[in-house]
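Listing of data.pdb; format and content: PDB, C-alpha atoms.
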```pdb
ATOM      1  CA  MET A   1      29.985 -14.547  45.580
ATOM      2  CA  GLU A   2      31.078 -15.397  42.052
ATOM      3  CA  LYS A   3      32.624 -12.574  40.013
ATOM      4  CA  GLY A   4      31.728 -14.010  36.626
ATOM      5  CA  THR A   5      31.328 -17.152  34.620
ATOM      6  CA  ARG A   6      34.369 -18.650  33.000
ATOM      7  CA  ARG A   7      33.877 -20.113  29.555
ATOM      8  CA  VAL A   8      34.932 -23.702  28.972
ATOM      9  CA  LYS A   9      36.155 -24.665  25.482
ATOM     10  CA  GLU A  10      37.175 -27.997  24.021
ATOM     11  CA  GLY A  11      40.071 -28.407  21.615
ATOM     12  CA  VAL A  12      43.002 -30.478  20.406
ATOM     13  CA  VAL A  13      46.613 -30.031  21.553
ATOM     14  CA  LEU A  14      48.758 -29.152  18.535
ATOM     15  CA  SER A  15      52.104 -28.417  20.154
ATOM     16  CA  ARG A  16      53.803 -28.677  23.522
ATOM     17  CA  LYS A  17      57.311 -27.465  22.744
ATOM     18  CA  MET A  18      57.246 -24.855  25.511
ATOM     19  CA  ASP A  19      57.589 -25.601  29.211
ATOM     20  CA  LYS A  20      54.216 -25.489  31.041
ATOM     21  CA  THR A  21      52.506 -24.239  27.863
ATOM     22  CA  SER A  22      50.571 -26.021  25.135
ATOM     23  CA  VAL A  23      48.992 -24.767  21.929
ATOM     24  CA  VAL A  24      45.341 -25.847  21.686
ATOM     25  CA  GLN A  25      43.203 -25.478  18.570
ATOM     26  CA  VAL A  26      39.510 -24.868  19.242
ATOM     27  CA  GLU A  27      36.999 -25.402  16.444
ATOM     28  CA  ARG A  28      33.736 -23.470  16.471
ATOM     29  CA  VAL A  29      30.822 -24.163  14.111
ATOM     30  CA  PHE A  30      27.966 -21.707  13.709
ATOM     31  CA  ALA A  31      25.415 -20.494  11.157
ATOM     32  CA  HIS A  32      25.952 -17.154   9.436
ATOM     33  CA  PRO A  33      23.376 -14.708  10.813
ATOM     34  CA  LYS A  34      22.155 -13.509   7.413
ATOM     35  CA  TYR A  35      22.949 -16.277   4.914
ATOM     36  CA  LYS A  36      22.487 -19.268   7.267
ATOM     37  CA  LYS A  37      25.532 -21.024   5.821
ATOM     38  CA  THR A  38      27.442 -23.179   8.308
ATOM     39  CA  ILE A  39      30.837 -21.680   9.055
ATOM     40  CA  LYS A  40      33.753 -23.456  10.726
ATOM     41  CA  VAL A  41      36.262 -21.227  12.530
ATOM     42  CA  MET A  42      39.452 -22.545  14.117
ATOM     43  CA  LYS A  43      41.459 -20.560  16.653
ATOM     44  CA  LYS A  44      44.662 -21.386  18.514
ATOM     45  CA  PHE A  45      45.106 -20.605  22.195
ATOM     46  CA  LEU A  46      48.202 -20.721  24.380
ATOM     47  CA  VAL A  47      47.185 -22.741  27.423
ATOM     48  CA  HIS A  48      48.861 -23.137  30.808
ATOM     49  CA  ASP A  49      49.721 -26.793  31.539
ATOM     50  CA  GLU A  50      51.358 -26.833  34.978
ATOM     51  CA  ASN A  51      52.531 -30.473  34.968
ATOM     52  CA  ASN A  52      53.072 -30.889  31.196
ATOM     53  CA  GLU A  53      50.426 -33.638  31.188
ATOM     54  CA  ALA A  54      48.812 -33.030  27.781
ATOM     55  CA  ASN A  55      50.392 -34.601  24.711
ATOM     56  CA  VAL A  56      50.000 -33.747  21.038
ATOM     57  CA  GLY A  57      46.681 -35.105  19.795
ATOM     58  CA  ASP A  58      44.898 -35.038  23.163
ATOM     59  CA  LEU A  59      41.374 -33.663  23.347
ATOM     60  CA  VAL A  60      41.301 -31.238  26.286
ATOM     61  CA  GLN A  61      38.889 -28.892  28.001
ATOM     62  CA  ILE A  62      40.296 -25.421  28.680
ATOM     63  CA  ILE A  63      38.902 -22.714  30.931
ATOM     64  CA  GLU A  64      39.408 -18.958  30.996
ATOM     65  CA  THR A  65      41.568 -17.677  33.824
ATOM     66  CA  ARG A  66      43.484 -14.605  34.899
ATOM     67  CA  PRO A  67      46.333 -13.514  32.612
ATOM     68  CA  ILE A  68      49.295 -15.829  33.193
ATOM     69  CA  SER A  69      51.559 -14.198  30.621
ATOM     70  CA  LYS A  70      51.274 -11.883  27.640
ATOM     71  CA  ARG A  71      49.324 -14.393  25.516
ATOM     72  CA  LYS A  72      48.155 -17.033  28.037
ATOM     73  CA  PHE A  73      44.620 -16.551  29.389
ATOM     74  CA  HIS A  74      43.498 -20.189  29.611
ATOM     75  CA  ARG A  75      44.482 -23.295  31.557
ATOM     76  CA  ILE A  76      43.774 -26.980  31.048
ATOM     77  CA  LEU A  77      40.730 -28.114  32.999
ATOM     78  CA  LYS A  78      40.920 -31.810  32.096
ATOM     79  CA  ILE A  79      42.158 -34.200  29.426
ATOM     80  CA  VAL A  80      39.152 -35.804  27.741
ATOM     81  CA  GLY A  81      40.886 -38.326  25.469
ATOM     82  CA  LYS A  82      42.901 -38.923  22.310
ATOM     83  CA  VAL A  83      42.115 -37.610  18.837
ATOM     84  CA  LYS A  84      43.443 -39.096  15.642
ATOM     85  CA  LEU A  85      45.091 -36.172  13.826
ATOM     86  CA  ARG A  86      45.251 -35.973  10.073
ATOM     87  CA  LEU A  87      48.183 -34.345   8.291
ATOM     88  CA  LYS A  88      46.051 -31.468   7.004
ATOM     89  CA  ASP A  89      44.976 -30.627  10.578
ATOM     90  CA  LEU A  90      48.550 -30.028  11.717
ATOM     91  CA  PRO A  91      49.929 -26.494  11.414
ATOM     92  CA  LYS A  92      52.114 -25.882   8.392
ATOM     93  CA  LYS A  93      55.818 -25.426   8.994
ATOM     94  CA  SER A  94      57.140 -22.100   7.808
ATOM     95  CA  SER A  95      60.203 -21.904   5.621
ATOM     96  CA  SER A  96      63.510 -21.264   7.307
ATOM     97  CA  GLY A  97      63.502 -17.670   6.116
ATOM     98  CA  LYS A  98      66.746 -18.071   4.180
ATOM     99  CA  LYS A  99      66.759 -16.721   0.679
ATOM    100  CA  GLU A 100      67.881 -19.197  -1.933
ATOM    101  CA  GLU A 101      70.763 -18.067  -4.054
ATOM    102  CA  ILE A 102      70.046 -17.973  -7.759
ATOM    103  CA  LYS A 103      72.982 -19.166  -9.831
ATOM    104  CA  SER A 104      73.127 -17.869 -13.352
ATOM    105  CA  ASP A 105      74.401 -19.898 -16.280
ATOM    106  CA  THR A 106      76.758 -17.168 -17.411
ATOM    107  CA  ALA A 107      79.811 -16.625 -15.287
ATOM    108  CA  SER A 108      80.783 -13.013 -14.792
ATOM    109  CA  ASN A 109      84.538 -12.381 -15.097
TER     110      ASN A 109
END
```
For the file at hand, write its structure as structure tokens.
Amino acid sequence: MEKGTRRVKEGVVLSRKMDKTSVVQVERVFAHPKYKKTIKVMKKFLVHDENNEANVGDLVQIIETRPISKRKFHRILKIVGKVKLRLKDLPKKSSSGKKEEIKSDTASN
């Protein structure tokens, strides 16, 4: 007896800096219910990768599963193939958080 259906999503691996965890970006395209404009929504999921098999740029299928950690609710079902990533598709790196010191032209004595 099956308890429920698990949704399968397809996305691209963006990062695998953590052990047994990958970040997968899933793109969803749908029409707005009222205005009928096509909308593209991208969402990132933390995905369990037991053997660290997926590499950055791989197209993977992920499936919902029981909670593995605080933010991991999916695991990799299978690796479909490679995707050629463009620079604009990669996540932007945040600044180091350090405030730059502003040096004034006048020296205070």
(message) For the PyMOL selection byres ((chain A and resi 25) around 12), applied here, can you spell out every residue it catches as a PyMOL selection string?
(response) chain A and resi 9-15+22-24+26-28+41-47+56-62+85+89-91
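As for atom CA of Arg7 of chain A and atom CA of Lys36 of chain A, they are spaced 25.0 Å apart.
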(message) To one decimal place in Å, what is the distance between atom CA of Glu50 of chain A and atom CA of His74 of chain A?
(response) 11.6 Å
(message) Selection in question (the file shown): the PyMOL selection byres ((chain A and resi 20) around 6). Which residues does it include, as a PyMOL selection string?
(response) chain A and resi 19+21+48-50+52
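Taking atom CA of Phe73 of chain A and atom CA of Met18 of chain A as endpoints, the distance between them is 15.6 Å.
The smallest atom-to-atom distance between Ala54 of chain A and any of A:Ala31, A:Ile76, A:Ile68, A:Val8, using all atoms listed in the file, is found for A:Ile76.
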Could you give me the axis-aligned bounding box of segment 55-74 of chain A, with 3 Å of padding per side, as centre plus edge lengths in Å to one decimal, as JSON?
```
{"center_x": 45.2, "center_y": -23.5, "center_z": 27.3, "size_x": 18.7, "size_y": 29.2, "size_z": 21.1}
```
